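Participant: Have a look at the structure that comes next, please.
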Amino acid sequence: MLEDLGNKSESLLQYNPVHKKVPVLVHNGKPIAESAIILEYIDDHWNYAPKLLPEDPYERAMVRFWANFIDEKILSRPLVMSEGEEKAEVIKEYIENVSVLEEGIKRDFSGKSPFFNCETPGYLDLVLGSSACSYRAIEEITGAKLIIPEIHPLFFDWVTAMKTHPVVKETIPLHEGLVNRVLQYKQQRALELSNTKA
Ligand SMILES: N[C@@H](CCC(=O)N[C@@H](CS)C(=O)NCC(=O)O)C(=O)O
């Protein structure tokens, strides 16, 4: 079910009373919240190959380490919401974090391409894809170049492979729609913030 985040449904509040956020997976009437936990649940519950997480415990740990880094450091929201001097600082930090990730890909995932999982997208591809695939919309809104192919060639090749994957292509909104959606979100959040300050 598609959720209007400006006017949250009763079922969202009932299924995710703690964070009141999407996504929520409802399976056999029982809710599971938080994207990464949903992915692990899918991997644990359904029997398919290849799995989203690798079998090898060290490789699993590396995938989880970088997923955690992405969750904490590769965030679109501060880029969209900040202004002025703060915005310049946020953009600088974002680019530095993408550079750290670039080095991490080189060190921990060399030989794996086009995806972290090799041939098909896995856990880390989905975690990173959910924020990074919209990078061109964020570049347009901030007016900053965030992913620089000359500096981040591995990341750039990965994001290109992800964006052109048939399933991603089918589900990702078109560029203009994405820009409008993010701008709408920015306006709505700014209004909420000014209402709480008033
Ligand atoms: N850590 C959560 C974050 C989810 C999240 O931020 N969802 C946003 C939409 S992308 C949301 O529901 N926002 C509504 C709100 O903040 O009130 C996850 O990975 O599932």
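Residue numbers start at 1 in each chain; chains themselves are named A, B, ... in the order of the structure tokens; ligands are numbered from 1 in the order shown.
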Please identify which residues in chain A DSSP calls strand (DSSP E) from the backbone, and express them as a list of chain:residue names.
Facilitator: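 In chain A, DSSP puts these residues in strand (DSSP E): A:Val24, A:Leu25, A:Val26, A:His27, A:Lys30, A:Pro31, A:Ile32, A:Ala33.
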Participant: Residues near Asn97 (chain A), anyone? I mean within 9 Å using only C-alpha atoms, not counting same-chain ones fewer than 4 positions away, as number ranges by chain.
Facilitator: A: 69-70, 73-74, 92-93, 101-102
Participant: When you look at Ile138 (chain A) with a cut-off of 12 Å (counting only C-alpha atoms), what residues show up, excluding the ones that are within fewer than 5 positions of it in the same chain? I need them as a VMD selection string.
Facilitator: chain A and resid 75 to 81 91 94 131 to 133 143 to 147 175 to 176 178 to 183 186
Participant: Any chance you can output those residues with N, CA and C atoms as a JSON list (two decimals), in the first residue's frame?
Facilitator:
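Below is the file that was written, part13.json:
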```json
[["chain", "number", "residue", "atom", "x", "y", "z"],
["A", 75, "LEU", "N", 23.66, 10.00, 3.35],
["A", 75, "LEU", "CA", 22.26, 10.38, 3.56],
["A", 75, "LEU", "C", 21.86, 11.54, 2.66],
["A", 76, "SER", "N", 20.71, 11.41, 2.01],
["A", 76, "SER", "CA", 20.23, 12.48, 1.14],
["A", 76, "SER", "C", 19.54, 13.58, 1.94],
["A", 77, "ARG", "N", 18.91, 13.21, 3.06],
["A", 77, "ARG", "CA", 18.08, 14.17, 3.78],
["A", 77, "ARG", "C", 18.83, 15.45, 4.20],
["A", 78, "PRO", "N", 20.03, 15.34, 4.85],
["A", 78, "PRO", "CA", 20.73, 16.58, 5.22],
["A", 78, "PRO", "C", 21.11, 17.42, 4.00],
["A", 79, "LEU", "N", 21.40, 16.75, 2.86],
["A", 79, "LEU", "CA", 21.76, 17.49, 1.65],
["A", 79, "LEU", "C", 20.57, 18.33, 1.19],
["A", 80, "VAL", "N", 19.39, 17.73, 1.28],
["A", 80, "VAL", "CA", 18.18, 18.40, 0.80],
["A", 80, "VAL", "C", 17.75, 19.51, 1.76],
["A", 81, "MET", "N", 17.89, 19.27, 3.04],
["A", 81, "MET", "CA", 17.31, 20.20, 4.03],
["A", 81, "MET", "C", 18.21, 21.36, 4.41],
["A", 91, "ILE", "N", 27.64, 19.08, 2.01],
["A", 91, "ILE", "CA", 28.04, 18.59, 0.68],
["A", 91, "ILE", "C", 29.48, 18.07, 0.75],
["A", 94, "TYR", "N", 29.55, 14.77, 2.54],
["A", 94, "TYR", "CA", 28.94, 13.71, 1.72],
["A", 94, "TYR", "C", 29.99, 13.19, 0.72],
["A", 131, "SER", "N", 19.16, 4.79, -1.51],
["A", 131, "SER", "CA", 19.45, 6.23, -1.43],
["A", 131, "SER", "C", 20.24, 6.71, -2.64],
["A", 132, "ALA", "N", 21.21, 5.92, -3.10],
["A", 132, "ALA", "CA", 22.14, 6.45, -4.11],
["A", 132, "ALA", "C", 21.55, 6.52, -5.52],
["A", 133, "CYS", "N", 20.53, 5.71, -5.81],
["A", 133, "CYS", "CA", 20.00, 5.72, -7.17],
["A", 133, "CYS", "C", 19.33, 7.05, -7.50],
["A", 143, "GLY", "N", 22.45, 21.60, -6.52],
["A", 143, "GLY", "CA", 23.35, 22.31, -7.44],
["A", 143, "GLY", "C", 24.79, 21.86, -7.25],
["A", 144, "ALA", "N", 25.01, 20.71, -6.63],
["A", 144, "ALA", "CA", 26.39, 20.23, -6.39],
["A", 144, "ALA", "C", 26.62, 18.91, -7.11],
["A", 145, "LYS", "N", 27.84, 18.69, -7.57],
["A", 145, "LYS", "CA", 28.21, 17.40, -8.16],
["A", 145, "LYS", "C", 28.61, 16.48, -7.01],
["A", 146, "LEU", "N", 27.86, 15.40, -6.80],
["A", 146, "LEU", "CA", 28.06, 14.56, -5.61],
["A", 146, "LEU", "C", 28.86, 13.29, -5.92],
["A", 147, "ILE", "N", 28.58, 12.72, -7.11],
["A", 147, "ILE", "CA", 29.32, 11.51, -7.50],
["A", 147, "ILE", "C", 30.14, 11.89, -8.73],
["A", 175, "HIS", "N", 13.17, 10.97, -13.52],
["A", 175, "HIS", "CA", 13.97, 12.04, -12.91],
["A", 175, "HIS", "C", 13.11, 13.24, -12.45],
["A", 176, "GLU", "N", 12.26, 13.76, -13.38],
["A", 176, "GLU", "CA", 11.47, 14.96, -13.03],
["A", 176, "GLU", "C", 10.55, 14.68, -11.85],
["A", 178, "LEU", "N", 10.94, 12.52, -9.52],
["A", 178, "LEU", "CA", 11.75, 12.37, -8.30],
["A", 178, "LEU", "C", 12.13, 13.74, -7.75],
["A", 179, "VAL", "N", 12.56, 14.65, -8.65],
["A", 179, "VAL", "CA", 12.93, 16.01, -8.22],
["A", 179, "VAL", "C", 11.71, 16.66, -7.57],
["A", 180, "ASN", "N", 10.55, 16.56, -8.20],
["A", 180, "ASN", "CA", 9.34, 17.19, -7.64],
["A", 180, "ASN", "C", 8.97, 16.59, -6.29],
["A", 181, "ARG", "N", 9.11, 15.27, -6.19],
["A", 181, "ARG", "CA", 8.75, 14.59, -4.95],
["A", 181, "ARG", "C", 9.67, 15.05, -3.81],
["A", 182, "VAL", "N", 10.97, 15.14, -4.11],
["A", 182, "VAL", "CA", 11.93, 15.56, -3.07],
["A", 182, "VAL", "C", 11.69, 17.03, -2.69],
["A", 183, "LEU", "N", 11.38, 17.87, -3.68],
["A", 183, "LEU", "CA", 11.12, 19.28, -3.36],
["A", 183, "LEU", "C", 9.86, 19.42, -2.49],
["A", 186, "LYS", "N", 10.78, 18.53, 0.96],
["A", 186, "LYS", "CA", 11.55, 19.60, 1.60],
["A", 186, "LYS", "C", 10.60, 20.70, 2.11]]
```
Participant: Taking only C-alpha atoms and all ligand atoms into account, name the residue in A:Asp4, A:Glu89, A:Asp43, A:Glu139 that is nearest to ligand 1.
Facilitator: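 Under the stated criterion, the closest residue is A:Asp4.
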Participant: Name the residues of region 93-173 of chain A that fall into helix (DSSP H, G or I) according to DSSP on the backbone, using the chain letters and numbers of this document, as JSON, numbers by chain.
Facilitator: {"A": [93, 94, 95, 96, 97, 98, 99, 100, 101, 102, 103, 104, 105, 106, 107, 108, 123, 124, 125, 126, 127, 128, 129, 130, 131, 132, 135, 136, 137, 138, 139, 140, 141, 142, 153, 154, 155, 156, 157, 158, 159, 160, 161, 162, 163, 166, 167, 168, 169, 170, 171]}
Participant: I need the residues from that last selection saved to file as an mmCIF file, in the first residue's frame (with C-alpha atoms), if you can.
Facilitator:
```cif
data_model
loop_
_atom_site.group_PDB
_atom_site.id
_atom_site.type_symbol
_atom_site.label_atom_id
_atom_site.label_comp_id
_atom_site.auth_asym_id
_atom_site.auth_seq_id
_atom_site.Cartn_x
_atom_site.Cartn_y
_atom_site.Cartn_z
ATOM 1 C CA GLU A 93 31.160 15.692 4.117
ATOM 2 C CA TYR A 94 28.944 13.708 1.718
ATOM 3 C CA ILE A 95 31.641 13.730 -1.002
ATOM 4 C CA GLU A 96 34.291 12.723 1.555
ATOM 5 C CA ASN A 97 32.084 9.828 2.705
ATOM 6 C CA VAL A 98 31.534 8.671 -0.882
ATOM 7 C CA SER A 99 35.344 8.692 -1.244
ATOM 8 C CA VAL A 100 35.655 6.518 1.897
ATOM 9 C CA LEU A 101 33.072 4.134 0.416
ATOM 10 C CA GLU A 102 34.988 4.101 -2.898
ATOM 11 C CA GLU A 103 38.112 2.938 -1.040
ATOM 12 C CA GLY A 104 36.009 0.368 0.860
ATOM 13 C CA ILE A 105 34.623 -1.064 -2.393
ATOM 14 C CA LYS A 106 38.172 -1.354 -3.736
ATOM 15 C CA ARG A 107 39.422 -3.071 -0.570
ATOM 16 C CA ASP A 108 36.520 -5.321 0.433
ATOM 17 C CA TYR A 123 21.713 -6.875 0.548
ATOM 18 C CA LEU A 124 24.290 -4.073 0.247
ATOM 19 C CA ASP A 125 23.164 -3.181 -3.283
ATOM 20 C CA LEU A 126 19.607 -2.748 -2.023
ATOM 21 C CA VAL A 127 20.666 -0.711 1.045
ATOM 22 C CA LEU A 128 22.841 1.630 -1.027
ATOM 23 C CA GLY A 129 20.518 1.644 -4.034
ATOM 24 C CA SER A 130 17.587 2.956 -2.016
ATOM 25 C CA SER A 131 19.448 6.225 -1.429
ATOM 26 C CA ALA A 132 22.137 6.448 -4.114
ATOM 27 C CA TYR A 135 21.681 10.979 -6.706
ATOM 28 C CA ARG A 136 20.993 12.933 -9.933
ATOM 29 C CA ALA A 137 17.805 14.406 -8.446
ATOM 30 C CA ILE A 138 19.757 15.412 -5.319
ATOM 31 C CA GLU A 139 22.493 16.920 -7.507
ATOM 32 C CA GLU A 140 19.877 19.002 -9.328
ATOM 33 C CA ILE A 141 18.273 20.198 -6.079
ATOM 34 C CA THR A 142 21.548 21.044 -4.307
ATOM 35 C CA PRO A 153 34.880 5.362 -10.689
ATOM 36 C CA LEU A 154 33.863 2.142 -8.857
ATOM 37 C CA PHE A 155 30.900 3.808 -7.174
ATOM 38 C CA PHE A 156 29.878 5.409 -10.478
ATOM 39 C CA ASP A 157 30.024 2.067 -12.352
ATOM 40 C CA TRP A 158 28.053 0.403 -9.540
ATOM 41 C CA VAL A 159 25.316 3.085 -9.509
ATOM 42 C CA THR A 160 25.059 2.922 -13.317
ATOM 43 C CA ALA A 161 24.672 -0.892 -13.207
ATOM 44 C CA MET A 162 22.074 -0.573 -10.450
ATOM 45 C CA LYS A 163 20.041 2.134 -12.206
ATOM 46 C CA PRO A 166 15.566 -4.072 -15.270
ATOM 47 C CA VAL A 167 13.842 -4.319 -11.849
ATOM 48 C CA VAL A 168 15.240 -0.966 -10.683
ATOM 49 C CA LYS A 169 14.391 0.689 -14.004
ATOM 50 C CA GLU A 170 10.833 -0.526 -13.668
ATOM 51 C CA THR A 171 10.356 0.804 -10.124
#
```
Participant: Return as a tab-separated table the residues of chain A lying at most 12 Å from ligand 1, together with the closest atom-to-atom pair for each and the distance in Å to one decimal, counting only C-alpha atoms and all ligand atoms, with rows in chain order and ascending residue number.
Facilitator:
```
residue	atom	partner	partner_atom_place_in_ligand_line	distance
A:Leu2	CA	ligand 1	12 (O)	11.1
A:Glu3	CA	ligand 1	12 (O)	8.5
A:Asp4	CA	ligand 1	14 (C)	9.1
A:Leu5	CA	ligand 1	14 (C)	5.6
A:Gly6	CA	ligand 1	17 (O)	7.9
A:Asn7	CA	ligand 1	17 (O)	9.5
A:Lys8	CA	ligand 1	17 (O)	8.3
A:Ser9	CA	ligand 1	12 (O)	11.5
A:Leu12	CA	ligand 1	12 (O)	9.4
A:Leu13	CA	ligand 1	17 (O)	10.6
A:Asn16	CA	ligand 1	12 (O)	9.9
A:Pro17	CA	ligand 1	17 (O)	11.5
A:Val18	CA	ligand 1	17 (O)	11.1
A:His19	CA	ligand 1	17 (O)	7.8
A:Lys20	CA	ligand 1	17 (O)	6.3
A:Lys21	CA	ligand 1	12 (O)	3.3
A:Val22	CA	ligand 1	12 (O)	4.0
A:Pro23	CA	ligand 1	20 (O)	5.4
A:Val24	CA	ligand 1	20 (O)	7.6
A:Leu25	CA	ligand 1	20 (O)	10.2
A:Ile32	CA	ligand 1	20 (O)	9.9
A:Ala33	CA	ligand 1	20 (O)	6.4
A:Glu34	CA	ligand 1	20 (O)	3.5
A:Ser35	CA	ligand 1	20 (O)	3.9
A:Ala36	CA	ligand 1	19 (O)	6.2
A:Ile37	CA	ligand 1	20 (O)	8.1
A:Ile38	CA	ligand 1	20 (O)	8.3
A:Leu39	CA	ligand 1	20 (O)	10.2
A:Ala67	CA	ligand 1	19 (O)	10.6
A:Asn68	CA	ligand 1	19 (O)	10.6
A:Ile70	CA	ligand 1	19 (O)	10.7
A:Asp71	CA	ligand 1	19 (O)	7.6
A:Glu72	CA	ligand 1	1 (N)	9.8
A:Leu75	CA	ligand 1	6 (O)	10.2
A:Ser76	CA	ligand 1	10 (S)	10.1
A:Arg77	CA	ligand 1	6 (O)	9.0
A:Leu126	CA	ligand 1	19 (O)	10.9
A:Val127	CA	ligand 1	19 (O)	8.3
A:Leu128	CA	ligand 1	19 (O)	10.8
A:Gly129	CA	ligand 1	19 (O)	12.0
A:Ser130	CA	ligand 1	10 (S)	8.8
A:Ser131	CA	ligand 1	10 (S)	8.9
A:Ser134	CA	ligand 1	10 (S)	11.9
A:Arg181	CA	ligand 1	10 (S)	11.3
A:Val182	CA	ligand 1	10 (S)	10.3
A:Tyr185	CA	ligand 1	13 (N)	9.5
A:Lys186	CA	ligand 1	16 (O)	11.6
A:Gln188	CA	ligand 1	17 (O)	10.6
A:Arg189	CA	ligand 1	16 (O)	9.0
A:Glu192	CA	ligand 1	17 (O)	10.5
```
Participant: Between CA of Ser194 (chain A) and CA of Tyr15 (chain A), what is the distance, to one decimal in Å?
Facilitator: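 Answer for the CA of Ser194 (chain A) to CA of Tyr15 (chain A) separation: 28.6 Å.
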